[in-house]
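Raw structure-v9.pdb, PDB, C-alpha atoms and all ligand atoms:
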```
ATOM      1  CA  VAL A   1      12.973 -12.277 -18.858
ATOM      2  CA  GLY A   2      14.082  -9.089 -17.124
ATOM      3  CA  VAL A   3      12.438  -5.675 -16.759
ATOM      4  CA  ALA A   4      14.263  -4.132 -19.753
ATOM      5  CA  ALA A   5      12.881  -6.663 -22.219
ATOM      6  CA  TRP A   6       9.250  -5.600 -21.780
ATOM      7  CA  SER A   7       8.678  -3.228 -24.652
ATOM      8  CA  PRO A   8       5.563  -1.055 -24.683
ATOM      9  CA  ALA A   9       3.556  -2.324 -27.609
ATOM     10  CA  PRO A  10       0.581  -0.949 -29.443
ATOM     11  CA  ILE A  11      -2.372  -3.271 -29.736
ATOM     12  CA  PRO A  12      -3.688  -5.132 -31.610
ATOM     13  CA  ARG A  13      -0.784  -7.502 -31.938
ATOM     14  CA  HIS A  14      -0.589 -10.460 -34.211
ATOM     15  CA  LEU A  15       0.271 -13.803 -32.660
ATOM     16  CA  GLU A  16       2.540 -15.745 -35.004
ATOM     17  CA  ALA A  17       2.353 -19.533 -34.940
ATOM     18  CA  GLY A  18       4.733 -20.777 -32.272
ATOM     19  CA  GLU A  19       4.663 -17.567 -30.250
ATOM     20  CA  VAL A  20       3.791 -17.061 -26.600
ATOM     21  CA  HIS A  21       2.957 -13.467 -25.669
ATOM     22  CA  VAL A  22       3.021 -12.258 -22.068
ATOM     23  CA  TRP A  23       1.582  -8.826 -21.279
ATOM     24  CA  PHE A  24       2.400  -6.823 -18.159
ATOM     25  CA  ALA A  25       0.201  -4.016 -16.842
ATOM     26  CA  ALA A  26       0.556  -1.819 -13.786
ATOM     27  CA  LEU A  27      -3.104  -1.889 -12.806
ATOM     28  CA  ASP A  28      -2.923   1.203 -10.589
ATOM     29  CA  ARG A  29      -1.008   3.279 -13.134
ATOM     30  CA  HIS A  30      -3.558   2.427 -15.824
ATOM     31  CA  ALA A  31      -6.546   2.780 -13.485
ATOM     32  CA  ARG A  32      -8.182   5.418 -15.667
ATOM     33  CA  SER A  33      -7.923   3.623 -19.020
ATOM     34  CA  LEU A  34      -8.959   0.347 -17.405
ATOM     35  CA  ALA A  35     -11.942   2.054 -15.731
ATOM     36  CA  GLY A  36     -12.967   3.101 -19.231
ATOM     37  CA  LEU A  37     -12.927  -0.561 -20.237
ATOM     38  CA  ALA A  38     -14.831  -1.816 -17.196
ATOM     39  CA  GLY A  39     -18.108  -1.602 -19.136
ATOM     40  CA  SER A  40     -16.899  -4.655 -21.084
ATOM     41  CA  LEU A  41     -17.348  -6.950 -18.054
ATOM     42  CA  SER A  42     -20.208  -9.458 -18.198
ATOM     43  CA  PRO A  43     -23.035  -9.593 -15.618
ATOM     44  CA  PRO A  44     -21.456 -12.664 -13.882
ATOM     45  CA  GLU A  45     -18.124 -10.791 -13.657
ATOM     46  CA  TRP A  46     -19.883  -7.797 -12.077
ATOM     47  CA  ALA A  47     -21.734 -10.101  -9.708
ATOM     48  CA  ARG A  48     -18.410 -11.555  -8.616
ATOM     49  CA  ALA A  49     -16.886  -8.067  -8.276
ATOM     50  CA  GLU A  50     -19.718  -7.103  -5.930
ATOM     51  CA  ARG A  51     -18.896 -10.028  -3.633
ATOM     52  CA  PHE A  52     -15.426  -8.658  -2.725
ATOM     53  CA  ARG A  53     -15.544  -7.078   0.723
ATOM     54  CA  VAL A  54     -12.197  -5.277   0.437
ATOM     55  CA  GLU A  55     -12.364  -2.356  -1.998
ATOM     56  CA  HIS A  56      -8.835  -2.658  -3.410
ATOM     57  CA  ALA A  57      -9.384  -6.380  -4.091
ATOM     58  CA  ARG A  58     -12.587  -5.507  -5.920
ATOM     59  CA  SER A  59     -10.970  -2.795  -8.041
ATOM     60  CA  GLU A  60      -7.970  -5.033  -8.845
ATOM     61  CA  TYR A  61     -10.345  -7.797  -9.982
ATOM     62  CA  VAL A  62     -12.328  -5.370 -12.195
ATOM     63  CA  ARG A  63      -9.168  -3.854 -13.712
ATOM     64  CA  ALA A  64      -7.622  -7.267 -14.390
ATOM     65  CA  ARG A  65     -10.788  -8.550 -16.087
ATOM     66  CA  ALA A  66     -11.022  -5.366 -18.178
ATOM     67  CA  LEU A  67      -7.371  -5.831 -19.183
ATOM     68  CA  VAL A  68      -7.841  -9.489 -20.149
ATOM     69  CA  ARG A  69     -10.909  -8.642 -22.215
ATOM     70  CA  ALA A  70      -9.107  -5.808 -24.027
ATOM     71  CA  ILE A  71      -6.069  -7.967 -24.808
ATOM     72  CA  LEU A  72      -8.013 -11.043 -25.906
ATOM     73  CA  GLY A  73     -10.474  -8.945 -27.904
ATOM     74  CA  SER A  74      -7.583  -7.378 -29.790
ATOM     75  CA  TYR A  75      -6.171 -10.776 -30.807
ATOM     76  CA  LEU A  76      -9.622 -12.024 -31.774
ATOM     77  CA  GLY A  77     -10.448  -8.813 -33.635
ATOM     78  CA  ILE A  78     -13.638  -8.235 -31.643
ATOM     79  CA  PRO A  79     -14.731  -5.707 -28.999
ATOM     80  CA  ALA A  80     -13.647  -6.508 -25.426
ATOM     81  CA  LYS A  81     -17.308  -6.850 -24.447
ATOM     82  CA  SER A  82     -17.833  -9.624 -27.039
ATOM     83  CA  VAL A  83     -15.161 -11.939 -25.575
ATOM     84  CA  VAL A  84     -16.878 -15.050 -24.181
ATOM     85  CA  PHE A  85     -15.312 -17.246 -21.505
ATOM     86  CA  THR A  86     -15.962 -20.802 -20.446
ATOM     87  CA  GLU A  87     -14.432 -22.703 -17.547
ATOM     88  CA  GLY A  88     -12.263 -25.797 -17.463
ATOM     89  CA  PRO A  89     -13.290 -28.665 -15.161
ATOM     90  CA  LEU A  90     -11.376 -27.152 -12.222
ATOM     91  CA  GLY A  91     -12.296 -23.546 -12.838
ATOM     92  CA  LYS A  92      -9.613 -22.404 -15.294
ATOM     93  CA  PRO A  93     -11.066 -19.585 -17.417
ATOM     94  CA  GLU A  94     -10.869 -20.465 -21.125
ATOM     95  CA  LEU A  95     -11.904 -18.763 -24.341
ATOM     96  CA  ALA A  96     -15.154 -19.946 -25.902
ATOM     97  CA  HIS A  97     -13.905 -18.807 -29.341
ATOM     98  CA  PRO A  98     -12.467 -21.266 -31.873
ATOM     99  CA  GLY A  99      -8.798 -21.142 -32.906
ATOM    100  CA  GLY A 100      -6.958 -23.168 -30.283
ATOM    101  CA  TRP A 101      -6.276 -20.172 -28.032
ATOM    102  CA  SER A 102      -4.977 -20.542 -24.517
ATOM    103  CA  PHE A 103      -4.609 -17.686 -22.058
ATOM    104  CA  ASN A 104      -4.028 -17.186 -18.368
ATOM    105  CA  LEU A 105      -4.178 -14.234 -15.983
ATOM    106  CA  SER A 106      -2.399 -13.455 -12.740
ATOM    107  CA  HIS A 107      -2.499 -10.358 -10.575
ATOM    108  CA  SER A 108      -0.776  -9.376  -7.360
ATOM    109  CA  HIS A 109      -0.497  -6.036  -5.543
ATOM    110  CA  GLY A 110      -1.224  -3.838  -8.553
ATOM    111  CA  ALA A 111       0.613  -5.898 -11.207
ATOM    112  CA  ALA A 112      -1.022  -8.133 -13.797
ATOM    113  CA  LEU A 113       0.351 -10.618 -16.313
ATOM    114  CA  VAL A 114      -1.684 -12.054 -19.180
ATOM    115  CA  ALA A 115      -0.242 -14.911 -21.264
ATOM    116  CA  VAL A 116      -1.706 -15.704 -24.695
ATOM    117  CA  THR A 117      -0.690 -18.471 -27.083
ATOM    118  CA  ARG A 118      -1.881 -21.214 -29.402
ATOM    119  CA  VAL A 119       1.118 -23.464 -28.727
ATOM    120  CA  ALA A 120      -0.247 -25.292 -25.670
ATOM    121  CA  ASP A 121      -2.206 -24.682 -22.482
ATOM    122  CA  VAL A 122      -0.412 -21.851 -20.698
ATOM    123  CA  GLY A 123      -0.150 -20.782 -17.062
ATOM    124  CA  VAL A 124       1.241 -17.571 -15.605
ATOM    125  CA  ASP A 125       1.832 -16.212 -12.123
ATOM    126  CA  VAL A 126       3.113 -12.940 -10.678
ATOM    127  CA  GLU A 127       3.890 -12.048  -7.083
ATOM    128  CA  GLN A 128       5.231  -8.974  -5.384
ATOM    129  CA  VAL A 129       8.416  -9.939  -3.565
ATOM    130  CA  ARG A 130       7.685  -8.793  -0.054
ATOM    131  CA  PRO A 131       9.397  -9.398   3.252
ATOM    132  CA  HIS A 132       7.427 -12.362   4.423
ATOM    133  CA  GLN A 133       7.315 -13.243   8.047
ATOM    134  CA  TYR A 134       5.989 -16.701   7.329
ATOM    135  CA  HIS A 135       7.678 -17.645   4.067
ATOM    136  CA  ARG A 136       9.784 -20.345   5.740
ATOM    137  CA  GLU A 137       6.663 -21.948   7.263
ATOM    138  CA  LEU A 138       4.861 -21.667   3.932
ATOM    139  CA  ALA A 139       7.812 -23.314   2.167
ATOM    140  CA  GLU A 140       7.699 -26.211   4.631
ATOM    141  CA  ARG A 141       3.961 -26.562   4.136
ATOM    142  CA  PHE A 142       3.623 -26.114   0.356
ATOM    143  CA  PHE A 143       7.001 -27.126  -1.096
ATOM    144  CA  ALA A 144       8.752 -30.473  -1.574
ATOM    145  CA  PRO A 145      11.248 -31.192   1.262
ATOM    146  CA  SER A 146      14.226 -30.633  -1.089
ATOM    147  CA  GLU A 147      12.824 -27.220  -2.079
ATOM    148  CA  SER A 148      12.067 -26.026   1.433
ATOM    149  CA  ALA A 149      15.545 -27.154   2.535
ATOM    150  CA  LYS A 150      17.012 -24.815  -0.102
ATOM    151  CA  VAL A 151      14.834 -21.885   1.075
ATOM    152  CA  LEU A 152      15.633 -22.492   4.747
ATOM    153  CA  ALA A 153      19.390 -22.588   4.072
ATOM    154  CA  LEU A 154      19.448 -19.077   2.570
ATOM    155  CA  PRO A 155      19.975 -15.805   4.472
ATOM    156  CA  PRO A 156      17.096 -13.272   4.782
ATOM    157  CA  GLY A 157      16.481 -11.494   1.476
ATOM    158  CA  ALA A 158      17.795 -14.339  -0.646
ATOM    159  CA  SER A 159      15.401 -16.780   0.987
ATOM    160  CA  GLU A 160      12.319 -14.622   0.206
ATOM    161  CA  GLU A 161      13.433 -14.312  -3.404
ATOM    162  CA  ALA A 162      13.966 -18.069  -3.749
ATOM    163  CA  PHE A 163      10.621 -18.663  -2.065
ATOM    164  CA  PHE A 164       8.771 -16.481  -4.587
ATOM    165  CA  HIS A 165      10.664 -18.053  -7.505
ATOM    166  CA  ALA A 166       9.472 -21.494  -6.431
ATOM    167  CA  TRP A 167       5.967 -20.268  -5.630
ATOM    168  CA  THR A 168       5.445 -18.559  -9.016
ATOM    169  CA  ARG A 169       6.940 -21.489 -10.967
ATOM    170  CA  LYS A 170       4.676 -23.996  -9.222
ATOM    171  CA  GLU A 171       1.616 -21.782  -9.633
ATOM    172  CA  ALA A 172       2.366 -21.211 -13.339
ATOM    173  CA  PHE A 173       2.684 -24.959 -13.871
ATOM    174  CA  LEU A 174      -0.509 -25.771 -11.921
ATOM    175  CA  LYS A 175      -2.391 -22.995 -13.713
ATOM    176  CA  ALA A 176      -1.248 -24.258 -17.121
ATOM    177  CA  MET A 177      -2.684 -27.645 -16.186
ATOM    178  CA  GLY A 178      -5.852 -25.898 -14.943
ATOM    179  CA  LEU A 179      -5.431 -27.535 -11.555
ATOM    180  CA  GLY A 180      -6.543 -25.936  -8.347
ATOM    181  CA  LEU A 181      -5.117 -26.200  -4.864
ATOM    182  CA  SER A 182      -6.271 -29.802  -4.576
ATOM    183  CA  PHE A 183      -3.384 -31.184  -6.683
ATOM    184  CA  GLY A 184      -0.763 -30.408  -4.033
ATOM    185  CA  SER A 185       1.944 -27.890  -4.838
ATOM    186  CA  GLU A 186       4.620 -30.058  -3.178
ATOM    187  CA  ARG A 187       4.138 -32.668  -5.929
ATOM    188  CA  VAL A 188       5.581 -30.351  -8.604
ATOM    189  CA  GLU A 189       9.304 -29.858  -8.037
ATOM    190  CA  VAL A 190      10.949 -26.800  -9.574
ATOM    191  CA  THR A 191      14.286 -25.014  -9.456
ATOM    192  CA  LEU A 192      14.476 -21.852  -7.341
ATOM    193  CA  LEU A 193      18.086 -20.778  -6.768
ATOM    194  CA  PRO A 194      19.697 -17.999  -8.862
ATOM    195  CA  HIS A 195      22.296 -20.299 -10.465
ATOM    196  CA  GLU A 196      19.818 -23.058 -11.341
ATOM    197  CA  PRO A 197      18.359 -23.218 -14.857
ATOM    198  CA  VAL A 198      14.653 -22.377 -14.682
ATOM    199  CA  ARG A 199      12.746 -25.635 -15.053
ATOM    200  CA  VAL A 200      10.392 -28.266 -13.743
ATOM    201  CA  LEU A 201      12.466 -31.006 -12.085
ATOM    202  CA  GLY A 202       9.760 -33.609 -11.722
ATOM    203  CA  ILE A 203       6.234 -34.478 -10.746
ATOM    204  CA  ASP A 204       5.702 -36.890  -7.862
ATOM    205  CA  GLY A 205       9.430 -37.640  -8.036
ATOM    206  CA  ASP A 206       9.208 -38.685 -11.700
ATOM    207  CA  PRO A 207      11.573 -36.602 -13.868
ATOM    208  CA  ALA A 208       9.988 -37.768 -17.184
ATOM    209  CA  PRO A 209       7.242 -35.086 -17.527
ATOM    210  CA  ALA A 210       9.844 -32.406 -16.908
ATOM    211  CA  ALA A 211      11.332 -33.077 -20.347
ATOM    212  CA  SER A 212       8.221 -31.879 -22.158
ATOM    213  CA  TRP A 213       7.527 -28.795 -20.016
ATOM    214  CA  SER A 214       9.036 -25.327 -20.210
ATOM    215  CA  LEU A 215       9.201 -22.733 -17.478
ATOM    216  CA  GLU A 216      10.473 -19.172 -17.812
ATOM    217  CA  ALA A 217      11.145 -16.730 -15.005
ATOM    218  CA  LEU A 218       9.768 -13.227 -15.555
ATOM    219  CA  ALA A 219      10.741  -9.903 -13.979
ATOM    220  CA  PRO A 220       8.120  -7.526 -15.377
ATOM    221  CA  ALA A 221       8.759  -4.671 -12.917
ATOM    222  CA  PRO A 222      11.117  -3.941 -10.019
ATOM    223  CA  GLY A 223       9.983  -5.888  -6.959
ATOM    224  CA  TYR A 224       7.869  -8.400  -8.867
ATOM    225  CA  ILE A 225       8.676 -11.983  -9.850
ATOM    226  CA  GLY A 226       6.691 -14.036 -12.306
ATOM    227  CA  ALA A 227       6.758 -17.264 -14.246
ATOM    228  CA  VAL A 228       5.120 -18.703 -17.331
ATOM    229  CA  ALA A 229       4.685 -22.439 -18.000
ATOM    230  CA  LEU A 230       3.574 -24.544 -20.941
ATOM    231  CA  GLN A 231       3.927 -28.106 -22.122
ATOM    232  CA  SER A 232       6.144 -27.449 -25.125
ATOM    233  CA  ARG A 233       9.865 -27.146 -25.711
ATOM    234  CA  SER A 234       9.500 -25.245 -28.939
ATOM    235  CA  TYR A 235       8.081 -21.712 -28.957
ATOM    236  CA  ARG A 236       9.161 -18.083 -28.978
ATOM    237  CA  LEU A 237       8.395 -15.956 -25.919
ATOM    238  CA  ARG A 238       7.656 -12.249 -26.438
ATOM    239  CA  CYS A 239       6.983  -9.879 -23.555
ATOM    240  CA  TRP A 240       4.991  -6.657 -23.938
ATOM    241  CA  SER A 241       3.962  -3.946 -21.586
ATOM    242  CA  TRP A 242       0.401  -2.670 -21.826
ATOM    243  CA  PRO A 243       0.314   0.764 -23.427
ATOM    244  CA  GLY A 244      -2.749   1.796 -21.396
TER     245      GLY A 244
HETATM  246  C1  LIG B 301      -7.091 -20.393  -8.343
HETATM  247  C2  LIG B 301      -5.614 -20.120  -8.284
HETATM  248  C3  LIG B 301      -4.971 -20.743  -9.504
HETATM  249  C4  LIG B 301      -5.391 -18.592  -8.242
HETATM  250  O1  LIG B 301      -4.091 -18.245  -7.966
HETATM  251  P1  LIG B 301      -3.675 -16.913  -7.175
HETATM  252  O2  LIG B 301      -2.190 -16.922  -7.050
HETATM  253  O3  LIG B 301      -4.486 -16.780  -5.954
HETATM  254  O4  LIG B 301      -4.108 -15.725  -8.102
HETATM  255  P2  LIG B 301      -3.600 -15.303  -9.543
HETATM  256  O5  LIG B 301      -3.841 -13.856  -9.632
HETATM  257  O6  LIG B 301      -2.247 -15.784  -9.857
HETATM  258  O7  LIG B 301      -4.581 -16.077 -10.508
HETATM  259  C5  LIG B 301      -5.930 -15.777 -10.506
HETATM  260  C6  LIG B 301      -6.478 -15.990 -11.899
HETATM  261  O8  LIG B 301      -6.208 -17.302 -12.369
HETATM  262  C7  LIG B 301      -7.299 -17.717 -13.174
HETATM  263  N1  LIG B 301      -7.728 -19.022 -12.646
HETATM  264  C8  LIG B 301      -8.731 -19.313 -11.767
HETATM  265  N2  LIG B 301      -8.796 -20.637 -11.578
HETATM  266  C9  LIG B 301      -7.819 -21.196 -12.318
HETATM  267  C10 LIG B 301      -7.389 -22.537 -12.534
HETATM  268  N3  LIG B 301      -7.963 -23.584 -11.953
HETATM  269  N4  LIG B 301      -6.351 -22.740 -13.377
HETATM  270  C11 LIG B 301      -5.758 -21.720 -13.990
HETATM  271  N5  LIG B 301      -6.120 -20.429 -13.820
HETATM  272  C12 LIG B 301      -7.137 -20.169 -12.998
HETATM  273  C13 LIG B 301      -8.374 -16.647 -13.095
HETATM  274  O9  LIG B 301      -8.305 -15.862 -14.261
HETATM  275  C14 LIG B 301      -7.977 -15.867 -11.886
HETATM  276  O10 LIG B 301      -8.232 -14.493 -11.977
HETATM  277  P3  LIG B 301      -9.653 -13.872 -11.605
HETATM  278  O11 LIG B 301     -10.183 -14.690 -10.481
HETATM  279  O12 LIG B 301      -9.353 -12.468 -11.246
HETATM  280  O13 LIG B 301     -10.422 -14.009 -12.856
HETATM  281  C15 LIG B 301      -4.967 -20.635  -6.979
HETATM  282  O14 LIG B 301      -5.646 -20.158  -5.887
HETATM  283  C16 LIG B 301      -4.744 -22.067  -6.892
HETATM  284  O15 LIG B 301      -5.636 -22.868  -6.744
HETATM  285  N6  LIG B 301      -3.471 -22.425  -7.014
HETATM  286  C17 LIG B 301      -3.025 -23.745  -6.931
HETATM  287  C18 LIG B 301      -1.558 -23.736  -6.697
HETATM  288  C19 LIG B 301      -1.108 -23.932  -5.283
HETATM  289  O16 LIG B 301      -1.317 -24.945  -4.629
HETATM  290  N7  LIG B 301      -0.369 -22.950  -4.787
HETATM  291  C20 LIG B 301       0.265 -23.035  -3.537
HETATM  292  C21 LIG B 301       1.643 -22.477  -3.561
HETATM  293  S1  LIG B 301       2.806 -22.996  -4.736
END
```

Written as structure tokens, that's how I'd like the structure from this file.
Ligand SMILES: CC(C)(COP(=O)(O)OP(=O)(O)OC[C@H]1O[C@@H](n2cnc3c(N)ncnc32)[C@H](O)[C@@H]1OP(=O)(O)O)[C@@H](O)C(=O)NCCC(=O)NCCS
Amino acid sequence: VGVAAWSPAPIPRHLEAGEVHVWFAALDRHARSLAGLAGSLSPPEWARAERFRVEHARSEYVRARALVRAILGSYLGIPAKSVVFTEGPLGKPELAHPGGWSFNLSHSHGAALVAVTRVADVGVDVEQVRPHQYHRELAERFFAPSESAKVLALPPGASEEAFFHAWTRKEAFLKAMGLGLSFGSERVEVTLLPHEPVRVLGIDGDPAPAASWSLEALAPAPGYIGAVALQSRSYRLRCWSWPG
């Protein structure tokens, strides 16, 4: 879903059955409005914020949590401060409120994506596409051999883009499942070249699970690549940009 499709939307929004909403926010651009929402963070969130040594990492964490609270609170019809989180077995933040909600957050270099749905467990990832000195080594280390071969065969520029497509698709899938690094990103095989349809190809070489999963590539802002994943073939994706 390309940059043009992200319409600025007022909140609150209503989530129709069968819909997946993905919100984009430029965390730096909305620094002031998000600072105004920072009072909604819980004591454990503040305690975690205080543990960041690098100031911009701390402020990005605080802004992203404020954003998630504001968005989820608007769907739930409650103040951002009243949103209560729990954690999945491997650390995936989940909503403690009833209603079958699933959400996921990703932030990278000033950009944040928040996915919200009731269709199935959802995962989202965003990365800034940056010239990466080590992306070939990272592909060899974290990708399946067939995937890293594709990245290595591309010229500079195209290879970074393919690398980040694969990276975000794998992360979105692993985050939907609530899995951490321990699962092994090379076990999830995804497409990554521009002409390939965006999808999961297989897990541990087995193509069967791929039939029930959906992946979508996202381009929320120039220079950023994202992906959203969920285990459903039937839903409607809507992309919004945070009005600030
Ligand atoms: C924890 C992990 C999911 C975070 O990913 P990241 O790219 O560093 O950061 P993102 O901004 O995309 O996501 C972070 C958010 O995901 C959420 N998250 C944390 N643990 C999660 C989990 N187990 N599952 C899903 N979401 C999780 C949190 O909301 C977190 O934001 P916060 O810490 O600010 O509250 C990631 O470190 C990880 O374990 N990934 C596994 C995938 C992998 O092996 N990748 C290698 C390359 S493909």

Exercise for review: Please identify the residues whose atoms come within 7 Å of ligand LIG 301 (chain B), using all atoms listed in the file, and report them as JSON, numbers by chain.
Suggested key: {"A": [61, 64, 65, 90, 91, 92, 93, 104, 105, 106, 107, 108, 123, 124, 125, 126, 142, 143, 167, 168, 170, 171, 174, 175, 176, 177, 178, 179, 180, 181, 182, 183, 184, 185]}

Check your understanding: Once the PyMOL selection byres (((chain A and resi 224) around 8) and not hetatm) has been applied to the shown file, what residues remain in the selection, as a count of residues only?
Key -> 11

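Using all atoms listed in the file, the protein and nucleic acid residues lying no more than 9 Å from His97 of chain A, apart from those fewer than 5 places from it along its own chain, are Leu76, Val83, Val84 and Phe85 of chain A.
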
Review point. For Leu215 of chain A, which of A:Leu113, A:Val1, A:Val151, A:Ala57 is the closest residue, counting all atoms listed in the file?
Key: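 Of A:Leu113, A:Val1, A:Val151, A:Ala57, the one nearest Leu215 of chain A, counting all atoms listed in the file, is A:Val1.
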
Exercise for review: Just the residues within 12 Å of Leu95 of chain A, please, counting all atoms listed in the file, with nothing from its chain fewer than 6 positions along; format it as a list in words.
Suggested key: Val68, Arg69, Leu72, Gly73, Tyr75, Leu76, Ser82, Val83, Val84, Phe85, Thr86, Glu87, Gly88, Trp101, Ser102, Phe103, Asn104, Val116, Thr117, Arg118 and Asp121 of chain A

Check your understanding: Using the chain letters and numbers from the file, which residues does the PyMOL selection byres (((chain A and resi 111) around 6) and not hetatm) grab, as number ranges by chain?
Key -> A: 25-27, 107-110, 112

Point to revise | Shortest interatomic distance to Ala162 of chain A - which of A:His132, A:Arg236, A:Arg141, A:Arg51, counting all atoms listed in the file | key: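 Residue with the minimum atom-to-atom distance to Ala162 of chain A: A:His132.
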
Check your understanding: Around (0.2, -5.4, -30.5) in the file's own coordinates, what residues are found within 9 Å if you use only C-alpha atoms, given back as a PyMOL selection string?
Key -> chain A and resi 9-15+71+74-75+240

Exercise for review: Write out as an MDAnalysis selection string each polymer residue whose atoms come within 10 Å of Arg130 of chain A, counting all atoms listed in the file; drop sequence neighbours fewer than 4 positions from it.
Suggested key: chainID A and resid 135 157 160:161 164 223:224

Practice item. Give me, please, the distance in Å between atom CA of Pro197 of chain A and atom CA of Phe24 of chain A, quoted to one decimal. Key: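 Separation between atom CA of Pro197 of chain A and atom CA of Phe24 of chain A: 23.1 Å.
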
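Nearest residue to Ser40 of chain A, choosing from A:Arg187, A:Arg199, A:His165, A:Arg63 and counting all atoms listed in the file: A:Arg63.
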
Review point. So which one's closest to Leu41 of chain A, A:Ala66, A:Glu140, A:Arg58, A:Leu193? Using all atoms listed in the file, please.
Key: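 Residue with the minimum atom-to-atom distance to Leu41 of chain A: A:Ala66.
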
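Our summary of the geometry notes that atom CA of Leu237 of chain A is positioned 6.0 Å from atom CA of His21 of chain A.
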
Check your understanding: Within 8 Å of Glu147 of chain A, counting only C-alpha atoms, which residues qualify if same-chain residues fewer than 4 places away don't, as number ranges by chain?
Key -> A: 139, 143, 151, 166, 189-192

Review point. Do you have the atom CA of Ala217 of chain A-atom CA of Cys239 of chain A distance handy?
Key: 11.7 Å

Check your understanding: Pick the closest to Leu154 of chain A from A:Arg29, A:Phe173, A:Ala70, A:Pro194: which is it, counting only C-alpha atoms?
Key ->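 Residue with the minimum atom-to-atom distance to Leu154 of chain A: A:Pro194.
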
Review point. Which neighbours of Ser42 of chain A fall inside 9 Å, counting only C-alpha atoms, when residues of the same chain fewer than 4 positions from it are skipped, and could you give them as a list in words?
Key: Trp46, Ala47, Lys81 and Val84 of chain A

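With all atoms listed in the file taken into account, every residue lying no more than 8 Å from the file point (5.8, -28.0, -21.0) is included here: Ala210, Ala211, Ser212, Trp213, Ser214, Leu215, Ala229, Leu230, Gln231, Ser232 and Arg233 of chain A.
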
Is it possible to add N, CA and C atoms to segment 165-177 of chain A and hand it back as an mmCIF file, in the frame of the given file?
```
data_model
loop_
_atom_site.group_PDB
_atom_site.id
_atom_site.type_symbol
_atom_site.label_atom_id
_atom_site.label_comp_id
_atom_site.auth_asym_id
_atom_site.auth_seq_id
_atom_site.Cartn_x
_atom_site.Cartn_y
_atom_site.Cartn_z
ATOM 1 N N HIS A 165 10.364 -17.365 -6.239
ATOM 2 C CA HIS A 165 10.664 -18.053 -7.505
ATOM 3 C C HIS A 165 9.969 -19.412 -7.540
ATOM 4 N N ALA A 166 10.107 -20.165 -6.460
ATOM 5 C CA ALA A 166 9.472 -21.494 -6.431
ATOM 6 C C ALA A 166 7.964 -21.367 -6.492
ATOM 7 N N TRP A 167 7.422 -20.435 -5.708
ATOM 8 C CA TRP A 167 5.967 -20.268 -5.630
ATOM 9 C C TRP A 167 5.387 -19.957 -7.014
ATOM 10 N N THR A 168 5.998 -18.962 -7.711
ATOM 11 C CA THR A 168 5.445 -18.559 -9.016
ATOM 12 C C THR A 168 5.619 -19.663 -10.050
ATOM 13 N N ARG A 169 6.725 -20.404 -9.987
ATOM 14 C CA ARG A 169 6.940 -21.489 -10.967
ATOM 15 C C ARG A 169 5.934 -22.614 -10.762
ATOM 16 N N LYS A 170 5.677 -22.953 -9.511
ATOM 17 C CA LYS A 170 4.676 -23.996 -9.222
ATOM 18 C C LYS A 170 3.289 -23.549 -9.654
ATOM 19 N N GLU A 171 2.947 -22.307 -9.278
ATOM 20 C CA GLU A 171 1.616 -21.782 -9.633
ATOM 21 C C GLU A 171 1.444 -21.761 -11.150
ATOM 22 N N ALA A 172 2.479 -21.283 -11.872
ATOM 23 C CA ALA A 172 2.366 -21.211 -13.339
ATOM 24 C C ALA A 172 2.137 -22.602 -13.914
ATOM 25 N N PHE A 173 2.848 -23.581 -13.402
ATOM 26 C CA PHE A 173 2.684 -24.959 -13.871
ATOM 27 C C PHE A 173 1.270 -25.457 -13.564
ATOM 28 N N LEU A 174 0.823 -25.281 -12.319
ATOM 29 C CA LEU A 174 -0.509 -25.771 -11.921
ATOM 30 C C LEU A 174 -1.610 -25.045 -12.684
ATOM 31 N N LYS A 175 -1.391 -23.757 -12.973
ATOM 32 C CA LYS A 175 -2.391 -22.995 -13.713
ATOM 33 C C LYS A 175 -2.414 -23.398 -15.188
ATOM 34 N N ALA A 176 -1.256 -23.754 -15.734
ATOM 35 C CA ALA A 176 -1.248 -24.258 -17.121
ATOM 36 C C ALA A 176 -2.080 -25.530 -17.210
ATOM 37 N N MET A 177 -1.936 -26.382 -16.214
ATOM 38 C CA MET A 177 -2.684 -27.645 -16.186
ATOM 39 C C MET A 177 -4.150 -27.404 -15.842
#
```
